[in-house]
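So this block is model-v8.tsv, TSV, C-alpha atoms and all ligand atoms:
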chain	number	residue	atom	x	y	z
A	1	MET	CA	0.00	0.00	0.00
A	2	SER	CA	1.44	3.37	-0.88
A	3	TYR	CA	-0.08	6.81	-1.14
A	4	LYS	CA	0.68	9.58	-3.59
A	5	ASN	CA	0.19	11.99	-0.74
A	6	LEU	CA	3.47	13.11	0.73
A	7	ALA	CA	2.54	14.84	3.98
A	8	PHE	CA	1.17	12.92	6.97
A	9	PHE	CA	0.07	14.17	10.39
A	10	ASP	CA	-0.38	11.99	13.44
A	11	LEU	CA	-3.52	12.88	15.42
A	12	ASP	CA	-3.18	11.98	19.12
A	13	GLY	CA	-0.48	14.04	20.79
A	14	VAL	CA	0.03	16.30	17.76
A	15	VAL	CA	-3.37	17.82	16.93
A	16	ALA	CA	-5.73	15.90	19.25
A	17	ASN	CA	-5.03	16.53	22.92
A	18	LEU	CA	-5.46	13.01	24.26
A	19	ALA	CA	-3.08	13.56	27.18
A	20	LEU	CA	-5.05	16.54	28.49
A	21	TRP	CA	-8.35	14.68	28.32
A	22	VAL	CA	-6.92	11.57	30.00
A	23	SER	CA	-5.18	13.56	32.71
A	24	GLU	CA	-8.34	15.52	33.58
A	25	THR	CA	-10.32	12.29	33.75
A	26	VAL	CA	-7.71	10.63	35.98
A	27	ASN	CA	-7.73	13.63	38.31
A	28	VAL	CA	-11.49	13.35	38.75
A	29	LEU	CA	-11.08	9.66	39.58
A	30	LEU	CA	-8.13	10.29	41.91
A	31	ARG	CA	-10.33	12.72	43.86
A	32	GLY	CA	-12.64	9.78	44.49
A	33	GLN	CA	-15.34	11.08	42.14
A	34	ASP	CA	-16.79	9.11	39.28
A	35	TYR	CA	-16.63	9.91	35.59
A	36	ARG	CA	-19.13	8.11	33.37
A	37	GLY	CA	-19.09	4.92	35.40
A	38	LEU	CA	-15.32	4.45	35.03
A	39	SER	CA	-14.85	4.00	38.78
A	40	ASP	CA	-16.82	0.74	38.51
A	41	SER	CA	-14.04	-0.75	36.40
A	42	LYS	CA	-11.70	-3.20	38.13
A	43	THR	CA	-8.81	-2.11	35.88
A	44	ILE	CA	-9.38	1.53	36.73
A	45	ARG	CA	-9.55	0.80	40.45
A	46	LYS	CA	-6.28	-1.14	40.28
A	47	CYS	CA	-4.58	1.67	38.32
A	48	LEU	CA	-5.76	4.23	40.86
A	49	ARG	CA	-4.44	2.08	43.72
A	50	ASP	CA	-1.07	1.71	41.94
A	51	LEU	CA	-0.88	5.45	41.26
A	52	ARG	CA	-1.65	6.25	44.89
A	53	LYS	CA	1.04	3.77	45.96
A	54	LEU	CA	3.47	5.80	43.84
A	55	GLY	CA	2.35	8.85	45.80
A	56	VAL	CA	0.42	10.33	42.87
A	57	THR	CA	-2.44	12.58	43.97
A	58	SER	CA	-2.97	14.36	40.66
A	59	THR	CA	-1.62	14.17	37.11
A	60	THR	CA	-0.73	16.61	34.33
A	61	PRO	CA	-1.01	16.06	30.56
A	62	SER	CA	2.75	15.60	30.31
A	63	ASP	CA	2.50	12.51	32.56
A	64	PHE	CA	0.66	10.84	29.68
A	65	SER	CA	2.82	12.01	26.79
A	66	TRP	CA	4.78	9.36	24.91
A	67	SER	CA	8.02	11.09	25.76
A	68	SER	CA	7.23	10.69	29.48
A	69	LEU	CA	6.20	7.05	29.13
A	70	HIS	CA	9.08	6.19	26.83
A	71	ILE	CA	11.53	3.46	27.77
A	72	PRO	CA	14.90	4.34	26.21
A	73	GLU	CA	16.63	1.67	24.17
A	74	SER	CA	19.84	2.52	25.97
A	75	ALA	CA	18.42	1.58	29.39
A	76	SER	CA	19.72	-1.59	31.04
A	77	ASP	CA	17.38	-4.57	31.35
A	78	GLU	CA	16.93	-3.80	35.02
A	79	GLU	CA	16.10	-0.14	34.32
A	80	LYS	CA	13.68	-1.16	31.58
A	81	LYS	CA	11.89	-3.50	33.96
A	82	ALA	CA	11.62	-0.81	36.63
A	83	LEU	CA	10.34	1.78	34.15
A	84	LYS	CA	7.83	-0.65	32.71
A	85	LYS	CA	6.48	-1.28	36.19
A	86	ARG	CA	6.31	2.43	36.98
A	87	PHE	CA	4.56	3.26	33.68
A	88	ARG	CA	2.10	0.36	33.85
A	89	PRO	CA	-0.73	2.15	35.73
A	90	TYR	CA	-0.39	5.19	33.44
A	91	ARG	CA	-0.48	3.11	30.27
A	92	SER	CA	-3.33	0.87	31.46
A	93	ILE	CA	-5.49	3.78	32.52
A	94	VAL	CA	-4.95	5.53	29.16
A	95	TYR	CA	-6.15	2.46	27.27
A	96	LYS	CA	-9.10	1.99	29.57
A	97	ILE	CA	-10.23	5.63	29.36
A	98	ALA	CA	-9.59	5.89	25.61
A	99	GLY	CA	-11.58	2.70	25.11
A	100	GLN	CA	-14.76	4.41	26.29
A	101	LYS	CA	-17.37	4.97	23.61
A	102	GLY	CA	-17.18	8.51	22.24
A	103	PHE	CA	-13.76	9.28	23.74
A	104	PHE	CA	-12.07	10.27	20.46
A	105	LYS	CA	-14.96	12.52	19.47
A	106	GLU	CA	-14.42	14.72	22.50
A	107	LEU	CA	-10.71	15.42	22.35
A	108	PRO	CA	-9.67	19.07	22.46
A	109	VAL	CA	-7.71	20.43	19.48
A	110	MET	CA	-4.05	21.32	19.98
A	111	ASN	CA	-1.56	23.07	17.66
A	112	ARG	CA	-4.17	24.14	15.14
A	113	TRP	CA	-1.73	26.81	13.96
A	114	LEU	CA	0.84	24.17	12.94
A	115	LEU	CA	-1.75	22.17	11.07
A	116	ASP	CA	-2.91	25.29	9.24
A	117	VAL	CA	0.66	26.15	8.24
A	118	ALA	CA	1.17	22.62	6.90
A	119	LEU	CA	-2.22	22.65	5.11
A	120	SER	CA	-1.34	25.88	3.33
A	121	LYS	CA	1.66	24.09	1.75
A	122	HIS	CA	0.20	20.59	1.63
A	123	PRO	CA	-3.57	20.94	1.21
A	124	HIS	CA	-3.99	17.19	0.62
A	125	LEU	CA	-2.11	16.06	3.69
A	126	CYS	CA	-3.40	12.87	5.29
A	127	PHE	CA	-3.91	12.09	8.94
A	128	LEU	CA	-2.15	8.89	9.88
A	129	THR	CA	-3.21	7.54	13.23
A	130	SER	CA	-3.31	4.30	15.20
A	131	PRO	CA	-6.41	2.76	16.73
A	132	ILE	CA	-6.77	1.23	20.14
A	133	GLY	CA	-7.97	-2.35	20.29
A	134	ASN	CA	-6.64	-5.37	18.41
A	135	HIS	CA	-6.33	-6.23	14.74
A	136	HIS	CA	-5.50	-9.09	12.43
A	137	PHE	CA	-4.88	-9.55	8.73
A	138	SER	CA	-7.35	-11.41	6.54
A	139	GLU	CA	-6.24	-14.06	4.02
A	140	ASP	CA	-5.87	-11.48	1.28
A	141	GLY	CA	-3.60	-9.48	3.58
A	142	SER	CA	-6.00	-6.66	4.34
A	143	LEU	CA	-6.13	-5.13	7.78
A	144	VAL	CA	-9.10	-6.02	9.98
A	145	LEU	CA	-9.65	-3.96	13.14
A	146	ASP	CA	-11.64	-5.40	16.02
A	147	GLU	CA	-14.87	-3.76	17.15
A	148	LYS	CA	-13.11	-1.31	19.46
A	149	GLY	CA	-10.62	-0.40	16.72
A	150	GLN	CA	-13.38	0.16	14.17
A	151	ARG	CA	-15.27	2.42	16.55
A	152	CYS	CA	-12.07	4.31	17.30
A	153	ALA	CA	-11.43	4.75	13.53
A	154	GLU	CA	-14.97	6.02	12.98
A	155	GLU	CA	-14.69	8.45	15.88
A	156	LYS	CA	-11.35	9.79	14.63
A	157	ARG	CA	-12.82	10.37	11.13
A	158	TRP	CA	-15.81	12.09	12.70
A	159	TRP	CA	-13.49	14.28	14.75
A	160	VAL	CA	-11.43	15.42	11.75
A	161	LYS	CA	-14.59	16.23	9.79
A	162	ASN	CA	-16.62	17.85	12.54
A	163	VAL	CA	-14.13	19.25	15.03
A	164	LEU	CA	-11.30	20.24	12.69
A	165	GLY	CA	-13.80	20.86	9.89
A	166	LEU	CA	-11.59	19.13	7.31
A	167	ASP	CA	-12.25	16.63	4.53
A	168	ASN	CA	-8.68	15.33	4.48
A	169	GLU	CA	-8.25	11.58	4.48
A	170	VAL	CA	-7.82	9.81	7.82
A	171	ILE	CA	-5.81	6.59	7.61
A	172	VAL	CA	-6.15	4.38	10.69
A	173	VAL	CA	-3.53	1.64	10.91
A	174	PRO	CA	-1.48	0.00	13.65
A	175	ARG	CA	1.63	1.98	14.55
A	176	GLU	CA	3.98	-0.54	12.92
A	177	MET	CA	2.34	0.05	9.52
A	178	LYS	CA	2.92	3.79	9.46
A	179	ALA	CA	6.32	3.65	7.72
A	180	GLU	CA	4.92	1.55	4.89
A	181	ILE	CA	2.08	4.04	4.31
A	182	VAL	CA	4.31	7.11	4.44
A	183	GLY	CA	6.64	5.65	1.80
A	184	GLN	CA	8.71	8.48	0.34
A	185	GLY	CA	6.71	11.14	2.18
A	186	TRP	CA	7.08	12.57	5.67
A	187	LEU	CA	5.23	12.22	8.94
A	188	ILE	CA	5.04	14.32	12.09
A	189	ASP	CA	4.41	12.08	15.11
A	190	ASP	CA	4.88	12.27	18.88
A	191	HIS	CA	5.83	8.63	19.42
A	192	PRO	CA	9.60	8.20	19.95
A	193	LYS	CA	9.40	4.54	18.92
A	194	THR	CA	7.81	5.43	15.58
A	195	TRP	CA	10.44	8.10	15.06
A	196	ARG	CA	13.24	5.64	15.82
A	197	GLU	CA	11.80	2.98	13.51
A	198	PHE	CA	11.40	5.47	10.65
A	199	ASN	CA	15.02	6.51	11.09
A	200	ALA	CA	16.21	2.92	11.09
A	201	ALA	CA	14.27	2.29	7.88
A	202	GLY	CA	15.62	5.45	6.21
A	203	LYS	CA	12.15	7.09	6.23
A	204	LYS	CA	11.30	10.63	7.13
A	205	CYS	CA	9.63	11.26	10.49
A	206	TYR	CA	9.71	14.46	12.55
A	207	LEU	CA	9.33	13.94	16.28
A	208	PHE	CA	6.75	16.28	17.79
A	209	PRO	CA	7.32	18.68	19.52
A	210	ASP	CA	11.14	18.57	19.34
A	211	GLN	CA	11.40	18.79	15.54
A	212	THR	CA	8.56	21.19	14.80
A	213	GLN	CA	11.05	23.80	13.67
A	214	ASP	CA	12.43	21.33	11.09
A	215	VAL	CA	8.94	20.75	9.69
A	216	LEU	CA	8.45	24.50	9.28
A	217	ILE	CA	11.81	24.93	7.55
A	218	ARG	CA	12.12	21.77	5.48
A	219	GLU	CA	8.49	21.08	4.60
A	220	CYS	CA	6.69	24.42	4.84
A	221	GLY	CA	9.21	26.81	3.29
A	222	TYR	CA	9.97	28.88	6.37
A	223	THR	CA	13.36	30.47	6.87
A	224	GLU	CA	15.16	29.65	10.07
A	225	ALA	CA	14.33	33.09	11.49
A	226	GLU	CA	10.64	32.79	10.54
A	227	ALA	CA	10.41	29.33	12.10
A	228	TYR	CA	12.11	30.56	15.25
A	229	ALA	CA	9.79	33.56	15.49
A	230	VAL	CA	6.63	31.55	14.93
A	231	LEU	CA	7.65	28.99	17.56
A	232	ALA	CA	8.62	31.69	20.05
A	233	ASN	CA	5.13	33.16	19.68
A	234	SER	CA	3.24	29.90	19.89
A	235	HIS	CA	2.42	29.14	23.46
A	236	PRO	CA	1.31	25.52	23.46
A	237	SER	CA	-1.07	25.97	26.37
A	238	SER	CA	-2.91	28.84	24.72
A	239	GLN	CA	-3.16	26.90	21.45
A	240	GLU	CA	-5.24	24.22	23.09
A	241	SER	CA	-8.96	24.64	23.11
A	242	THR	CA	-9.18	23.73	26.75
A	243	ASP	CA	-12.89	23.33	27.11
A	244	ILE	CA	-12.61	21.04	30.07
A	245	SER	CA	-15.45	22.61	32.04
A	246	GLN	CA	-17.34	19.33	32.21
A	247	PHE	CA	-14.62	17.96	34.46
A	248	ALA	CA	-15.31	20.65	37.03
A	249	ARG	CA	-18.73	19.23	37.71
B	301	MG	MG	0.47	10.23	18.59

Would you write out, as structure tokens, the structure that this file holds?
Ligand SMILES: [Mg+2]
Amino acid sequence: MSYKNLAFFDLDGVVANLALWVSETVNVLLRGQDYRGLSDSKTIRKCLRDLRKLGVTSTTPSDFSWSSLHIPESASDEEKKALKKRFRPYRSIVYKIAGQKGFFKELPVMNRWLLDVALSKHPHLCFLTSPIGNHHFSEDGSLVLDEKGQRCAEEKRWWVKNVLGLDNEVIVVPREMKAEIVGQGWLIDDHPKTWREFNAAGKKCYLFPDQTQDVLIRECGYTEAEAYAVLANSHPSSQESTDISQFAR
């Protein structure tokens, strides 16, 4: 499978603020309140217990970013094991919360300015995003998402159309398939593992947010000074549409 399109944008963690939504939900639960019946879940209750054991009383979006939950390749086996254990409640609670029906439809937008800059140069850019849930390949080799994955894909397409207001294509594939889809194009993605795998395969991936300046310069025609200026003026927190009022209830 290869696409003529050359520009690809990841959704979660680049333009969809999954970490903010998850962190706000976890904070409600950590306060002992319920959110949409989640506190009835055994998995959630175990995660909350594990977080409390770690001394966590509240979380921030950065606790749920891939860069925070990343286990470096260079770590020793012992360090990897310890990190895995420490990250487990964070990772499990993300999957559990994100698995709720309607979750991906509600995510706040982040970095709309960056998307608009890229769209002005690459109007046909595609969104390339991974589903939650499981998948398998049918006999003819085509990808089959499970029920949760299909719902997630539908919700992500709905979100791009109705929240971003865009008709651009949304490709939903497991993370490991991203490099194949991107082909000779480029991707901006917040997952360090994806970035590392693209590099190893000689493909072009920009790690968000660290390499945003490179995207502006190499893919959007900005000069170094323009890219610097635009980044200096973009305050990530004010770029997010933080309509999180429902969590205050
Ligand atoms: Mg992502």

Residues within 12 Å of ligand MG 301 (chain B), counting all atoms listed in the file, as a VMD selection string: chain A and resid 8 to 19 64 to 67 127 to 132 172 174 to 175 178 187 to 195 206 to 209

Range 214-222 of chain A: axis-aligned bounding box, 5 Å on each side, centre and edge lengths in Å, one decimal, as AutoDock Vina command-line options:
--center_x 9.6 --center_y 24.8 --center_z 7.2 --size_x 15.7 --size_y 18.1 --size_z 17.8

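Pairwise distance (CA of Lys96 in chain A, CA of Ile44 in chain A) equals 7.2 Å.
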
Kindly extract all protein, DNA and RNA residues lying within 12 Å of the coordinates (-10.3, -0.1, 39.6) given in the file, considering all atoms listed in the file, and supply them as a PDB file with C-alpha atoms, keeping the file's coordinate frame.
ATOM      1  CA  VAL A  26      -7.710  10.630  35.980  1.00  0.00           C
ATOM      2  CA  LEU A  29     -11.080   9.660  39.580  1.00  0.00           C
ATOM      3  CA  LEU A  30      -8.130  10.290  41.910  1.00  0.00           C
ATOM      4  CA  GLY A  32     -12.640   9.780  44.490  1.00  0.00           C
ATOM      5  CA  ASP A  34     -16.790   9.110  39.280  1.00  0.00           C
ATOM      6  CA  GLY A  37     -19.090   4.920  35.400  1.00  0.00           C
ATOM      7  CA  LEU A  38     -15.320   4.450  35.030  1.00  0.00           C
ATOM      8  CA  SER A  39     -14.850   4.000  38.780  1.00  0.00           C
ATOM      9  CA  ASP A  40     -16.820   0.740  38.510  1.00  0.00           C
ATOM     10  CA  SER A  41     -14.040  -0.750  36.400  1.00  0.00           C
ATOM     11  CA  LYS A  42     -11.700  -3.200  38.130  1.00  0.00           C
ATOM     12  CA  THR A  43      -8.810  -2.110  35.880  1.00  0.00           C
ATOM     13  CA  ILE A  44      -9.380   1.530  36.730  1.00  0.00           C
ATOM     14  CA  ARG A  45      -9.550   0.800  40.450  1.00  0.00           C
ATOM     15  CA  LYS A  46      -6.280  -1.140  40.280  1.00  0.00           C
ATOM     16  CA  CYS A  47      -4.580   1.670  38.320  1.00  0.00           C
ATOM     17  CA  LEU A  48      -5.760   4.230  40.860  1.00  0.00           C
ATOM     18  CA  ARG A  49      -4.440   2.080  43.720  1.00  0.00           C
ATOM     19  CA  ASP A  50      -1.070   1.710  41.940  1.00  0.00           C
ATOM     20  CA  LEU A  51      -0.880   5.450  41.260  1.00  0.00           C
ATOM     21  CA  ARG A  52      -1.650   6.250  44.890  1.00  0.00           C
ATOM     22  CA  PRO A  89      -0.730   2.150  35.730  1.00  0.00           C
ATOM     23  CA  SER A  92      -3.330   0.870  31.460  1.00  0.00           C
ATOM     24  CA  ILE A  93      -5.490   3.780  32.520  1.00  0.00           C
ATOM     25  CA  LYS A  96      -9.100   1.990  29.570  1.00  0.00           C
ATOM     26  CA  ILE A  97     -10.230   5.630  29.360  1.00  0.00           C
TER      27      ILE A  97
END

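As for CA of Cys205 in chain A and CA of Glu176 in chain A, they are spaced 13.3 Å apart.
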
Shell of 10 Å around Val144 in chain A, all atoms listed in the file, local chain residues under 5 positions omitted, as a ChimeraX atom specification: /A:134-138,149-150,173

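Considering the residues A:Arg86, A:Gly183, A:Gly99, A:Glu73 and counting only C-alpha atoms, Gly55 in chain A has its shortest atom-to-atom contact with A:Arg86.
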
Distance criterion (all atoms listed in the file): nearest to Phe103 in chain A out of A:Ser142, A:Thr25, A:Ser234, A:Ser120: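 For Phe103 in chain A, the nearest of the given residues is A:Thr25.
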
Coordinates-based distance that separates CA of Trp21 in chain A from CA of Val56 in chain A (Å, one decimal):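 CA of Trp21 in chain A lies at a distance of 17.5 Å from CA of Val56 in chain A.
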
Minimum-distance residue to Arg218 in chain A, chosen among A:Ala118, A:Gly202, A:Ala75, A:Val28 (using only C-alpha atoms):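 The answer is A:Ala118, which sits nearest to Arg218 in chain A.
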